[in-house]
Structures are given as C-alpha cells and as structure tokens.
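What follows is the content of input14.txt (compact mmCIF, C-alpha atoms).
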```txt
# COMPACT_ATOMS: atom_id res chain seq x y z
CA ILE O 1 -91.53 59.40 9.89
CA SER O 2 -95.02 60.70 10.52
CA TYR O 3 -96.66 60.06 13.88
CA LYS O 4 -99.47 58.18 12.08
CA ILE O 5 -97.00 55.60 10.69
CA ILE O 6 -95.44 55.21 14.13
CA ILE O 7 -98.87 54.66 15.67
CA THR O 8 -99.67 51.96 13.10
CA LEU O 9 -96.44 50.13 13.93
CA TYR O 10 -97.13 50.57 17.64
CA ASN O 11 -100.59 49.06 17.42
CA ARG O 12 -99.37 46.04 15.46
CA ASN O 13 -96.76 45.12 18.03
CA LEU O 14 -98.41 45.85 21.38
CA SER O 15 -101.76 44.93 22.85
CA ILE O 16 -104.19 47.81 23.20
CA MET O 17 -103.93 49.72 26.47
CA ASN O 18 -107.03 50.77 28.37
CA ILE O 19 -107.07 54.04 30.27
CA ALA O 20 -109.57 56.33 31.99
CA ILE O 21 -109.45 60.12 31.89
CA VAL O 22 -111.41 61.71 34.74
CA GLY O 23 -112.56 65.17 33.72
CA THR O 24 -113.78 66.09 30.24
CA GLY O 25 -112.76 69.72 30.21
CA TYR O 26 -110.12 71.16 27.94
CA VAL O 27 -107.20 69.03 29.14
CA GLY O 28 -109.14 65.83 29.75
CA LEU O 29 -110.98 65.79 26.44
CA VAL O 30 -107.95 66.65 24.32
CA THR O 31 -105.85 64.08 26.18
CA GLY O 32 -108.46 61.34 25.87
CA VAL O 33 -109.21 61.91 22.20
CA CYS O 34 -105.53 62.12 21.25
CA PHE O 35 -104.65 58.95 23.16
CA ALA O 36 -107.48 57.26 21.28
CA GLU O 37 -105.93 58.49 18.03
CA MET O 38 -102.75 56.74 19.16
CA GLY O 39 -104.69 53.46 19.42
CA VAL O 40 -105.46 53.47 23.13
CA ASP O 41 -108.91 52.44 24.37
CA VAL O 42 -110.13 55.45 26.38
CA TRP O 43 -112.91 55.96 28.93
CA CYS O 44 -113.76 59.63 29.45
CA VAL O 45 -115.31 60.13 32.89
CA ASP O 46 -117.17 63.14 34.24
CA VAL O 47 -119.64 63.64 37.08
CA ASP O 48 -121.57 66.11 34.92
CA LYS O 49 -124.18 63.87 33.29
CA SER O 50 -125.31 66.56 30.85
CA LYS O 51 -121.76 66.88 29.56
CA ILE O 52 -121.43 63.09 29.13
CA ASP O 53 -124.82 62.93 27.40
CA ALA O 54 -123.72 65.65 24.99
CA LEU O 55 -120.45 63.88 24.24
CA GLU O 56 -122.31 60.67 23.50
CA ARG O 57 -124.31 62.67 20.95
CA GLY O 58 -121.07 63.88 19.39
CA ILE O 59 -121.24 67.38 20.87
CA ILE O 60 -117.95 68.61 22.33
CA PRO O 61 -117.99 71.47 24.87
CA ILE O 62 -114.92 73.36 23.62
CA TYR O 63 -113.59 74.77 20.37
CA GLU O 64 -110.16 73.50 19.40
CA GLU O 65 -108.97 73.32 15.81
CA GLY O 66 -108.94 69.72 14.55
CA LEU O 67 -110.37 68.23 17.73
CA LYS O 68 -113.87 67.53 16.41
CA GLU O 69 -112.53 65.56 13.45
CA ILE O 70 -110.32 63.37 15.65
CA PHE O 71 -113.16 62.97 18.15
CA ASP O 72 -115.66 61.85 15.49
CA LYS O 73 -113.22 59.39 13.93
CA ASN O 74 -112.27 57.64 17.16
CA TYR O 75 -115.78 57.66 18.59
CA LYS O 76 -116.99 55.98 15.40
CA ASP O 77 -114.15 53.46 15.62
CA GLY O 78 -115.11 52.59 19.19
CA ARG O 79 -111.96 53.75 20.97
CA VAL O 80 -113.65 56.53 22.98
CA HIS O 81 -116.30 55.75 25.61
CA PHE O 82 -118.11 57.89 28.17
CA THR O 83 -119.38 57.35 31.70
CA THR O 84 -120.21 59.22 34.88
CA ASP O 85 -119.04 56.36 37.10
CA LEU O 86 -115.32 55.67 37.42
CA SER O 87 -115.87 52.75 39.78
CA ALA O 88 -117.98 50.94 37.16
CA ILE O 89 -115.15 50.78 34.61
CA ILE O 90 -112.00 50.88 36.74
CA ASP O 91 -111.46 47.11 36.52
CA ASN O 92 -111.09 47.48 32.75
CA VAL O 93 -108.27 50.04 32.74
CA ASP O 94 -104.54 50.00 33.41
CA ILE O 95 -104.12 53.72 34.08
CA VAL O 96 -106.42 56.40 35.51
CA PHE O 97 -105.61 60.01 34.66
CA ILE O 98 -106.85 62.85 36.86
CA ALA O 99 -107.69 65.80 34.58
CA VAL O 100 -110.19 67.72 36.69
CA GLY O 101 -110.11 71.46 37.32
CA THR O 102 -107.94 73.11 39.96
CA PRO O 103 -109.53 76.56 40.25
CA PRO O 104 -107.69 79.28 42.17
CA ASP O 105 -108.72 80.06 45.73
CA GLU O 106 -108.96 83.66 46.93
CA ASP O 107 -105.37 83.47 48.21
CA GLY O 108 -104.08 82.36 44.79
CA SER O 109 -103.51 78.73 45.73
CA ALA O 110 -104.83 75.96 43.48
CA ASP O 111 -107.90 74.22 44.89
CA VAL O 112 -107.18 70.48 44.65
CA LYS O 113 -110.39 69.19 46.21
CA TYR O 114 -111.60 67.70 42.92
CA VAL O 115 -108.25 65.96 42.46
CA LEU O 116 -108.54 64.42 45.91
CA ASP O 117 -112.15 63.41 45.19
CA VAL O 118 -110.90 61.31 42.28
CA ALA O 119 -108.21 59.79 44.49
CA ARG O 120 -110.91 58.90 47.00
CA THR O 121 -113.03 57.14 44.38
CA PHE O 122 -109.93 55.38 43.06
CA GLY O 123 -109.06 54.04 46.51
CA GLN O 124 -112.63 52.90 47.09
CA SER O 125 -112.84 51.08 43.75
CA ILE O 126 -109.63 49.39 42.61
CA LYS O 127 -109.38 45.62 42.78
CA LYS O 128 -106.06 45.14 40.96
CA TYR O 129 -102.85 47.04 40.40
CA THR O 130 -103.64 50.33 38.69
CA LEU O 131 -101.55 53.45 38.04
CA LEU O 132 -103.06 56.79 39.10
CA VAL O 133 -101.62 59.73 37.15
CA THR O 134 -102.19 63.40 37.93
CA LYS O 135 -102.61 65.37 34.70
CA SER O 136 -104.21 68.41 36.33
CA THR O 137 -101.90 71.29 37.18
CA VAL O 138 -101.30 70.94 40.90
CA PRO O 139 -98.91 72.42 43.49
CA VAL O 140 -95.83 70.51 44.51
CA GLY O 141 -96.76 67.85 47.03
CA THR O 142 -100.25 67.19 45.72
CA SER O 143 -99.39 63.74 44.37
CA GLN O 144 -98.25 62.75 47.84
CA LYS O 145 -101.64 63.86 49.19
CA VAL O 146 -103.29 61.80 46.44
CA LYS O 147 -101.29 58.78 47.55
CA GLU O 148 -102.24 59.28 51.18
CA VAL O 149 -105.96 59.51 50.28
CA VAL O 150 -105.79 56.25 48.30
CA ILE O 151 -103.99 54.47 51.14
CA SER O 152 -106.58 55.76 53.60
CA GLU O 153 -109.47 54.46 51.47
CA LEU O 154 -107.81 51.08 51.02
CA SER O 155 -107.25 50.89 54.78
CA LYS O 156 -110.96 51.54 55.37
CA ARG O 157 -111.69 48.60 53.10
CA GLY O 158 -109.15 46.41 54.88
CA GLU O 159 -107.38 45.93 51.55
CA ASN O 160 -103.72 46.09 50.53
CA ILE O 161 -104.10 46.36 46.75
CA PRO O 162 -100.92 47.56 45.04
CA PHE O 163 -101.00 50.83 43.10
CA ASP O 164 -98.65 53.57 41.97
CA ILE O 165 -98.95 57.30 41.47
CA ALA O 166 -97.34 59.45 38.80
CA SER O 167 -97.37 63.04 37.57
CA ASN O 168 -97.76 63.87 33.88
CA PRO O 169 -98.41 67.63 33.60
CA GLU O 170 -99.86 68.96 30.35
CA PHE O 171 -98.19 71.61 28.20
CA LEU O 172 -100.94 72.08 25.61
CA LYS O 173 -101.32 75.46 23.95
CA GLU O 174 -104.94 76.37 23.34
CA GLY O 175 -105.50 76.75 19.61
CA SER O 176 -102.91 74.09 18.74
CA ALA O 177 -103.54 71.49 21.45
CA THR O 178 -104.01 68.41 19.25
CA LYS O 179 -100.82 69.19 17.33
CA ASP O 180 -98.98 69.82 20.60
CA PHE O 181 -100.11 66.45 21.95
CA MET O 182 -99.09 64.49 18.86
CA THR O 183 -95.82 66.35 18.25
CA PRO O 184 -94.76 67.69 21.65
CA ASP O 185 -91.66 69.68 22.56
CA ARG O 186 -91.36 67.27 25.47
CA VAL O 187 -93.43 65.03 27.72
CA ILE O 188 -92.72 65.29 31.45
CA VAL O 189 -93.41 62.22 33.57
CA GLY O 190 -92.79 62.02 37.31
CA VAL O 191 -92.68 58.51 38.77
CA GLU O 192 -91.53 56.77 41.94
CA SER O 193 -91.34 53.14 40.75
CA GLU O 194 -89.97 51.19 37.81
CA LYS O 195 -93.39 49.63 37.21
CA ALA O 196 -94.99 53.06 36.80
CA LYS O 197 -92.18 54.12 34.48
CA GLU O 198 -92.66 50.96 32.41
CA LEU O 199 -96.40 51.59 32.04
CA MET O 200 -95.95 55.24 31.08
CA SER O 201 -93.18 54.31 28.64
CA ARG O 202 -95.53 51.83 27.01
CA LEU O 203 -98.30 54.41 26.79
CA TYR O 204 -96.01 56.98 25.21
CA ARG O 205 -94.19 54.48 22.97
CA PRO O 206 -95.36 56.18 19.74
CA LEU O 207 -93.68 59.41 20.83
CA LEU O 208 -90.54 57.62 21.98
CA LEU O 209 -90.30 55.81 18.64
CA ASN O 210 -90.62 59.11 16.82
CA LYS O 211 -87.78 60.62 18.90
CA PHE O 212 -89.91 63.10 20.83
CA ARG O 213 -88.47 63.75 24.26
CA VAL O 214 -90.16 61.92 27.12
CA ILE O 215 -88.35 63.06 30.24
CA PHE O 216 -88.70 60.99 33.41
CA MET O 217 -88.02 62.51 36.79
CA ASP O 218 -89.23 62.41 40.39
CA ILE O 219 -92.81 63.47 41.06
CA PRO O 220 -92.18 66.78 42.93
CA SER O 221 -89.88 67.94 40.11
CA ALA O 222 -92.53 67.10 37.52
CA GLU O 223 -95.14 69.06 39.47
CA MET O 224 -92.78 72.03 39.78
CA THR O 225 -91.79 71.96 36.10
CA LYS O 226 -95.29 72.87 34.92
CA TYR O 227 -95.53 75.95 37.12
CA VAL O 228 -92.00 77.13 36.37
CA ALA O 229 -92.45 76.73 32.59
CA ASN O 230 -95.61 78.84 32.49
CA SER O 231 -94.18 81.40 34.89
CA MET O 232 -91.06 81.79 32.76
CA LEU O 233 -93.16 82.45 29.65
CA ALA O 234 -95.35 84.90 31.56
CA THR O 235 -92.18 86.65 32.74
CA ARG O 236 -91.03 87.23 29.16
CA ILE O 237 -94.41 88.74 28.26
CA SER O 238 -94.52 91.10 31.24
CA PHE O 239 -90.88 92.07 30.71
CA MET O 240 -91.60 93.09 27.12
CA ASN O 241 -94.69 95.01 28.19
CA GLU O 242 -92.55 97.04 30.59
CA VAL O 243 -90.01 97.59 27.80
CA ALA O 244 -92.86 98.75 25.53
CA ALA O 245 -93.90 101.37 28.08
CA LEU O 246 -90.33 102.65 28.19
CA CYS O 247 -90.15 102.70 24.38
CA GLU O 248 -93.24 104.92 24.23
CA LYS O 249 -91.66 107.38 26.66
CA THR O 250 -88.30 107.51 24.84
CA GLY O 251 -89.41 107.38 21.21
CA ALA O 252 -88.05 103.88 20.52
CA ASP O 253 -90.02 101.25 18.59
CA VAL O 254 -90.54 98.09 20.63
CA SER O 255 -91.08 96.03 17.46
CA LEU O 256 -87.55 96.85 16.31
CA VAL O 257 -86.15 96.32 19.81
CA ARG O 258 -87.81 92.89 19.87
CA GLN O 259 -86.19 91.96 16.55
CA GLY O 260 -82.83 93.09 17.84
CA ILE O 261 -82.88 91.02 21.02
CA ALA O 262 -84.56 88.00 19.40
CA ALA O 263 -81.58 87.69 17.05
CA ASP O 264 -79.50 86.72 20.08
CA THR O 265 -79.68 82.91 20.13
CA ARG O 266 -79.49 82.95 23.92
CA ILE O 267 -82.80 84.81 23.98
CA GLY O 268 -84.72 83.66 20.89
CA ASN O 269 -88.00 85.08 19.60
CA LYS O 270 -90.72 83.26 21.56
CA PHE O 271 -93.07 85.16 23.89
CA LEU O 272 -91.42 88.52 23.27
CA TYR O 273 -94.46 90.23 21.77
CA PRO O 274 -95.79 93.16 23.81
CA GLY O 275 -99.55 93.59 24.00
CA CYS O 276 -102.50 94.15 26.29
CA GLY O 277 -101.62 91.40 28.76
CA TYR O 278 -101.84 87.62 28.95
CA GLY O 279 -104.95 85.69 29.99
CA GLY O 280 -106.35 82.18 29.74
CA SER O 281 -106.71 79.36 32.19
CA CYS O 282 -102.99 78.71 32.74
CA PHE O 283 -100.65 81.69 33.01
CA PRO O 284 -102.61 83.84 35.51
CA LYS O 285 -103.54 80.87 37.68
CA ASP O 286 -100.12 79.20 37.60
CA VAL O 287 -98.22 82.41 38.33
CA LYS O 288 -100.39 83.05 41.39
CA ALA O 289 -100.10 79.43 42.53
CA LEU O 290 -96.29 79.54 42.31
CA ILE O 291 -96.24 82.74 44.38
CA LYS O 292 -98.48 81.06 46.97
CA THR O 293 -96.36 77.89 47.05
CA ALA O 294 -93.29 80.01 47.70
CA SER O 295 -95.09 81.91 50.46
CA ASP O 296 -96.19 78.65 52.09
CA ASN O 297 -92.53 77.64 52.16
CA GLY O 298 -91.29 80.91 53.66
CA LEU O 299 -90.04 82.45 50.41
CA SER O 300 -90.90 85.66 48.56
CA MET O 301 -90.78 85.33 44.77
CA LYS O 302 -90.08 88.98 43.93
CA ILE O 303 -89.66 88.57 40.16
CA ILE O 304 -92.76 86.49 39.53
CA SER O 305 -94.81 88.68 41.87
CA ALA O 306 -93.82 91.67 39.72
CA VAL O 307 -94.79 89.70 36.60
CA ASP O 308 -98.31 89.30 37.97
CA GLU O 309 -98.55 92.97 38.95
CA VAL O 310 -97.32 94.16 35.54
CA ASN O 311 -99.85 91.96 33.76
CA ASN O 312 -102.77 93.17 35.87
CA ASN O 313 -101.84 96.75 34.99
CA GLN O 314 -101.25 95.91 31.32
CA LYS O 315 -104.82 94.66 30.91
CA LYS O 316 -105.96 98.24 31.61
CA ILE O 317 -103.78 99.81 28.91
CA LEU O 318 -106.38 99.71 26.13
CA TYR O 319 -108.96 101.50 28.26
CA ASN O 320 -106.38 104.11 29.27
CA LYS O 321 -105.44 104.77 25.63
CA LEU O 322 -109.09 105.01 24.58
CA ASN O 323 -109.91 107.31 27.47
CA ILE O 324 -107.09 109.70 26.53
CA ALA O 325 -107.75 109.57 22.77
CA LEU O 326 -111.48 110.27 23.19
CA ASN O 327 -111.14 112.65 26.14
CA GLY O 328 -113.38 110.31 28.13
CA VAL O 329 -115.50 107.33 27.07
CA GLU O 330 -118.89 108.27 28.53
CA ASN O 331 -121.60 107.96 25.85
CA ARG O 332 -118.93 107.00 23.32
CA VAL O 333 -119.46 104.00 21.03
CA ILE O 334 -116.54 101.57 21.19
CA ALA O 335 -115.97 98.56 18.93
CA VAL O 336 -114.05 95.65 20.47
CA TRP O 337 -112.45 93.25 17.99
CA GLY O 338 -111.53 89.88 19.52
CA LEU O 339 -112.82 88.49 22.81
CA SER O 340 -111.04 85.18 23.49
CA PHE O 341 -107.78 85.38 25.41
CA LYS O 342 -105.89 84.27 22.28
CA PRO O 343 -106.72 83.27 18.69
CA GLY O 344 -107.82 79.72 17.90
CA THR O 345 -109.96 79.17 20.99
CA ASP O 346 -113.29 80.21 22.47
CA ASP O 347 -111.76 80.43 25.96
CA ILE O 348 -112.42 83.83 27.58
CA ARG O 349 -111.01 83.05 31.02
CA GLU O 350 -108.94 86.02 32.25
CA ALA O 351 -109.17 87.51 28.73
CA PRO O 352 -107.94 91.13 28.44
CA ALA O 353 -111.11 91.90 26.44
CA LEU O 354 -113.19 91.30 29.56
CA THR O 355 -111.15 93.80 31.55
CA LEU O 356 -111.64 96.35 28.78
CA ILE O 357 -115.40 95.72 28.51
CA ASP O 358 -115.83 95.94 32.29
CA GLN O 359 -114.00 99.28 32.42
CA LEU O 360 -115.95 100.68 29.47
CA LEU O 361 -119.30 99.65 30.97
CA GLU O 362 -118.35 101.10 34.33
CA ASN O 363 -117.61 104.44 32.68
CA GLY O 364 -120.73 104.71 30.53
CA ALA O 365 -119.59 103.61 27.08
CA ASP O 366 -121.74 101.82 24.50
CA ILE O 367 -119.98 98.67 23.35
CA ARG O 368 -120.15 96.69 20.10
CA VAL O 369 -118.15 93.43 20.07
CA PHE O 370 -117.14 90.83 17.52
CA ASP O 371 -115.21 87.57 17.73
CA PRO O 372 -115.34 84.72 15.17
CA ILE O 373 -115.63 81.97 17.82
CA ALA O 374 -115.99 83.27 21.40
CA ILE O 375 -118.94 85.65 21.03
CA ASP O 376 -121.45 83.22 22.59
CA ARG O 377 -119.23 82.82 25.66
CA VAL O 378 -119.24 86.58 26.12
CA ARG O 379 -122.99 86.73 25.58
CA GLU O 380 -123.41 84.35 28.54
CA ARG O 381 -121.46 86.79 30.70
CA TYR O 382 -122.89 90.17 29.65
CA GLY O 383 -126.36 89.41 28.28
CA ASP O 384 -127.96 92.51 26.72
CA LYS O 385 -125.48 94.99 28.20
CA ILE O 386 -123.52 95.11 24.94
CA TYR O 387 -124.14 94.69 21.20
CA TYR O 388 -122.98 91.47 19.52
CA ALA O 389 -121.90 92.19 15.96
CA SER O 390 -121.90 89.79 13.04
CA SER O 391 -118.59 91.00 11.64
CA MET O 392 -115.65 93.31 12.19
CA VAL O 393 -117.33 95.98 10.05
CA ASP O 394 -120.67 95.56 11.82
CA ALA O 395 -118.95 96.17 15.16
CA ALA O 396 -117.41 99.37 13.79
CA LYS O 397 -120.73 100.90 12.62
CA GLY O 398 -121.16 104.30 14.23
CA ALA O 399 -118.19 103.73 16.54
CA ASP O 400 -116.08 106.56 17.86
CA ALA O 401 -113.18 104.16 18.34
CA ALA O 402 -112.22 100.51 17.82
CA ALA O 403 -109.88 98.38 19.91
CA LEU O 404 -108.13 95.28 18.55
CA VAL O 405 -107.72 92.90 21.48
CA THR O 406 -107.30 89.39 20.01
CA GLU O 407 -105.24 88.95 16.85
CA TRP O 408 -107.40 86.53 14.88
CA LYS O 409 -106.01 86.03 11.36
CA GLN O 410 -109.17 87.39 9.74
CA PHE O 411 -108.53 90.73 11.45
CA ARG O 412 -105.14 91.23 9.80
CA LEU O 413 -106.21 92.58 6.39
CA PRO O 414 -109.60 94.27 6.76
CA ASP O 415 -111.08 96.75 4.28
CA TRP O 416 -109.90 99.87 6.06
CA GLN O 417 -111.73 102.22 3.73
CA GLU O 418 -115.05 100.52 4.48
CA ILE O 419 -114.31 100.59 8.21
CA ARG O 420 -113.33 104.28 8.04
CA ASN O 421 -116.56 105.08 6.20
CA THR O 422 -118.76 103.17 8.65
CA MET O 423 -117.17 104.62 11.82
CA ARG O 424 -118.31 107.90 13.33
CA GLY O 425 -114.86 108.62 14.76
CA ASN O 426 -111.35 107.68 13.67
CA VAL O 427 -109.57 106.22 16.71
CA ILE O 428 -108.00 102.74 16.42
CA VAL O 429 -106.21 101.20 19.40
CA ASP O 430 -104.17 98.15 18.42
CA GLY O 431 -103.54 95.95 21.45
CA ARG O 432 -101.40 93.45 19.52
CA ASN O 433 -99.33 95.65 17.16
CA ILE O 434 -100.56 93.86 14.03
CA TYR O 435 -101.19 96.96 11.91
CA ASP O 436 -98.75 99.26 10.16
CA PRO O 437 -98.83 102.78 11.62
CA GLN O 438 -98.17 104.55 8.31
CA GLU O 439 -100.94 102.63 6.56
CA MET O 440 -103.37 103.47 9.35
CA PHE O 441 -102.48 107.17 9.17
CA SER O 442 -102.95 107.08 5.37
CA TYR O 443 -106.58 106.06 5.87
CA GLY O 444 -107.11 108.95 8.25
CA PHE O 445 -107.09 106.99 11.49
CA ASN O 446 -105.77 108.31 14.78
CA TYR O 447 -103.78 105.15 15.53
CA TYR O 448 -102.40 103.94 18.85
CA SER O 449 -100.41 100.75 19.52
CA ILE O 450 -98.20 99.27 22.23
CA GLY O 451 -94.64 100.57 22.59
CA ARG O 452 -94.46 102.30 19.19
```

Kindly present the structure from the file in structure tokens form.
Amino acid sequence: ISYKIIITLYNRNLSIMNIAIVGTGYVGLVTGVCFAEMGVDVWCVDVDKSKIDALERGIIPIYEEGLKEIFDKNYKDGRVHFTTDLSAIIDNVDIVFIAVGTPPDEDGSADVKYVLDVARTFGQSIKKYTLLVTKSTVPVGTSQKVKEVVISELSKRGENIPFDIASNPEFLKEGSATKDFMTPDRVIVGVESEKAKELMSRLYRPLLLNKFRVIFMDIPSAEMTKYVANSMLATRISFMNEVAALCEKTGADVSLVRQGIAADTRIGNKFLYPGCGYGGSCFPKDVKALIKTASDNGLSMKIISAVDEVNNNQKKILYNKLNIALNGVENRVIAVWGLSFKPGTDDIREAPALTLIDQLLENGADIRVFDPIAIDRVRERYGDKIYYASSMVDAAKGADAAALVTEWKQFRLPDWQEIRNTMRGNVIVDGRNIYDPQEMFSYGFNYYSIGR
C-alpha cells in the first residue's frame, strides 16, 4: 500500500492535528512540509523574519530533491503557515517541535542555547496541555533541561499548566530527505508518559498503518540513539579509508576488498566506500559531540576519537595526491569537480572540497570549480579568489590537474576526449573512485584514486 493511500485513509478517520515546528532550517522545513503532506496542519516558526517572508513568497532556503513540489502543493492547500511568533499561535497547536540549530562549541559539545530559548518561550506561552518535542540533535540530558526551563517559566507565571516532553530525533539523509521522511527505516520516539506516547502515535499513524517501525523508548535512550547511529556510520567510513591506505601500500584494490567483505551478511554493503572523507552538518558534529559527552562523564571513547582523527586526515588526501603528481601546486591550475559534501544537496558544511580549496589557495594554486547546485554557496565563501565554471569542461580549461570531490551523477560519464583536449596537463585525482583506471589511462590521463 502506498503511503499516499494510507494518508487518505488516515485523514478520513481522524481529525486534523495541529503542530508547530520551530526552526525552518533543513530539518525543520523538511519535517513541517512532510507532516503537511500527511494531512497535518503545520505552523513553521522562525525568528528570522527575512526567512519567513521568503517562505511566504514560496522561496525555500535549501535545495532538496522533491521538496519544492511538496512545499508548493501544501502551501496552496493551506496546510502550511508561517510566523515569527510562537506565542501567537501556540493555543492552536497540540504539539510543538523544536528543530533549531545546535552548532558545535569550540570544545566539540553541541550548543543547545537555541533549544532552551524555545523551551523558555513555550513555558511563557502555553495555556493548555501541549507536548514539547525535541527534534534537534541534542546531547543526552538536554530534554531534562528543556523540562526544567518550562517548569521554571510556569513557576514565574504562578501557573501549573500540564505539559509533556518527548524526543524525536531525525534521521534524514540530505539528498533523499523527503523520501526518508515518508518511508523511513525507523522512527525513534522517546517519551515519559502514556499521554505523550498516545499523541505521537496519533501523529505517526500513517507510518504505523503502513508497517514502518515506530520505536518508543525512554527519552535519554532516544537522544543517545541519534549520536550512536551517526557515529557508527562514520566509523565504517573511516575504517574503510584506513583500509584503502593499506591497500595502496600493498598493491591490493580496495574496491575488490569492499565487495568481498560486503558479501558477508553480518557486514553488508552500506557506508563501506572509501573516499576523501565525510562532511555535512551531522557526522562531524555528532562524532565530536559524542566524544565530548563521554568526556563529561569520565569516559574516553578511543574508537570514535580515532574515527574523527582519520577523517580529518582523509580530507587532506586529495591535496597530497595533487601535490605529489604535480611536484608542487604553486602557479598550477586545478579544476575541482563537486563542492557540496555529497550529491543531491547544496550543503557545503564540512565539505571535503573546502579543505582542498583552502589548501590549494594557501599554496598558490589557481582554482577553477564547478558544481551543479552548490556553486553559489561556495561563491559566498570565497568571492573572487577562485573561478566559477559553468560546466565540468569549463572548469577543466587550461588545467594542469582535475580533482573529483563530489560524485554527482552527471560527472560519471563525461566526454573524456574533450576534457583531455581542453586541459593543459593530464592529472586526474578521483576522490570517490567512480572512474575506471584502465579507461582513464587509455585517454592518456595520469590517474590517481583512493586505495587502488
């Protein structure tokens, strides 16, 4: 049964729920729009008036495949609303989701001040029972702090209005977030009361009816699950990157090694691709936050600390290969293909391409970059320090070398003869192992990849 049929049945048999999502960044906007697609009446709240004004004009601040279409449909149908004032609409909602940012502090811990700001406004504003759900990725124990802030604000008011807290961490993959929301591997919900569980069960009824797993647990376990899941995936990536380095030294091919171990059903084939390091808004931040949480509790997480160290070093591998292949990069022209941290998104946070560009600039290279989506984000960061190409071939014009950093689909089958003719040199460094070495050699390229 498709999720759309389930949603239709759901809406016929239950009254429409009303929720607020505080924070219209990546998580908040995707969550709000997808809940609206499920038939929920959604208020998207953000203190940034310019962002709310843009959303009311139909302009969304992020690129995510399929999101704009769902946004337009539900905005037109009147299920998505926008405001800068949570207190003005809180009487109209049953559940308030906190989906604000939790940026890393210098010590690696997640900064939860924006989360607590929402809790403060919630406590100052509620007049009836309302459920407050933390969607933001937060360290274990944050929901308890949220609860204490709400109680404190109610005490200042001399009120004893009932409320509950819950934790509902997101597991959206950038580039496939709307699909992930509608057809999830699992939904994790941490609660501490039957009433909160009942409300969250009602909200997620379409997924329950369609047999997707909604797993209820205590709140600290839900908070911990998000960090552990991302850290486990990051561990697999860093492990394979270390294996790739060993393969290069011994003459083994990491691509074949990966196939061999992935055939073991105990291991599987996910997140075993070596490359030039992971980036994005989740893995780097969550790994560091887990290390800091352990430290705060008197523990040393040796494995995950090594994962972080390996990844930081891996982001430098493309520069190192270019530097060796060109006998130095000063005054060399380098093409960089792919700027976002992964395909399908314009997110450049912690992207390996930025590490490469920074190193190349520091060492006197001329840089020509191309990305099908994220190029404007990079332009905001570097201004006129680098050249922004209109295509993969344009980036390669006059280049001594080209580095593939992000494996966008349109990069997979380029016209190699045209690229070879337009380049000044012949060095190709493949940071994602998407090209065939023999084919590259046949076109006259001096080809380098990861672990092969």

Find the residues around Asp358 (chain O) up to 12 Å (all atoms listed in the file counted), leave out those fewer than 5 positions away in its own chain, and share them as a PDB file with C-alpha atoms, keeping the file's coordinate frame.
```
ATOM      1  CA  LYS O 315    -104.820  94.660  30.910  1.00  0.00           C
ATOM      2  CA  LYS O 316    -105.960  98.240  31.610  1.00  0.00           C
ATOM      3  CA  LEU O 318    -106.380  99.710  26.130  1.00  0.00           C
ATOM      4  CA  TYR O 319    -108.960 101.500  28.260  1.00  0.00           C
ATOM      5  CA  VAL O 336    -114.050  95.650  20.470  1.00  0.00           C
ATOM      6  CA  ALA O 351    -109.170  87.510  28.730  1.00  0.00           C
ATOM      7  CA  PRO O 352    -107.940  91.130  28.440  1.00  0.00           C
ATOM      8  CA  ALA O 353    -111.110  91.900  26.440  1.00  0.00           C
ATOM      9  CA  ASN O 363    -117.610 104.440  32.680  1.00  0.00           C
ATOM     10  CA  GLY O 364    -120.730 104.710  30.530  1.00  0.00           C
ATOM     11  CA  ALA O 365    -119.590 103.610  27.080  1.00  0.00           C
ATOM     12  CA  ASP O 366    -121.740 101.820  24.500  1.00  0.00           C
ATOM     13  CA  ILE O 367    -119.980  98.670  23.350  1.00  0.00           C
ATOM     14  CA  VAL O 378    -119.240  86.580  26.120  1.00  0.00           C
ATOM     15  CA  ARG O 381    -121.460  86.790  30.700  1.00  0.00           C
ATOM     16  CA  TYR O 382    -122.890  90.170  29.650  1.00  0.00           C
ATOM     17  CA  LYS O 385    -125.480  94.990  28.200  1.00  0.00           C
ATOM     18  CA  ILE O 386    -123.520  95.110  24.940  1.00  0.00           C
TER      19      ILE O 386
END
```

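Nearest residue to Val40 (chain O) among O:Ser255, O:Thr142, O:Asn74, O:Asn446 is O:Asn74, counting all atoms listed in the file.
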
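If all atoms listed in the file are the atoms counted, then among O:Thr178, O:Asn311, O:Ser167, O:Ser449 the closest residue to Val30 (chain O) is O:Thr178.
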
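For the set O:Ile62, O:Leu67, O:Ala244, O:Met232, the residue with the smallest atom-to-atom gap to Ala374 (chain O) is O:Ile62, counting only C-alpha atoms.
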
If we count all atoms listed in the file, what is near Ile161 (chain O) at a cut-off of 8 Å, once residues fewer than 4 positions away on the same chain are taken out, given as an mmCIF file with C-alpha atoms, in the frame of the given file?
```cif
data_model
loop_
_atom_site.group_PDB
_atom_site.id
_atom_site.type_symbol
_atom_site.label_atom_id
_atom_site.label_comp_id
_atom_site.auth_asym_id
_atom_site.auth_seq_id
_atom_site.Cartn_x
_atom_site.Cartn_y
_atom_site.Cartn_z
ATOM 1 C CA ILE O 126 -109.630 49.390 42.610
ATOM 2 C CA LYS O 127 -109.380 45.620 42.780
ATOM 3 C CA LYS O 128 -106.060 45.140 40.960
ATOM 4 C CA TYR O 129 -102.850 47.040 40.400
ATOM 5 C CA LEU O 154 -107.810 51.080 51.020
#
```

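Taking all atoms listed in the file into account, Tyr227 (chain O) lies nearest to O:Ala294 out of the set O:Ala294, O:Ala389, O:Leu208, O:Val42.
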
In Å and to one decimal, CA of Pro437 (chain O) is distant from CA of Arg424 (chain O) by 20.2 Å
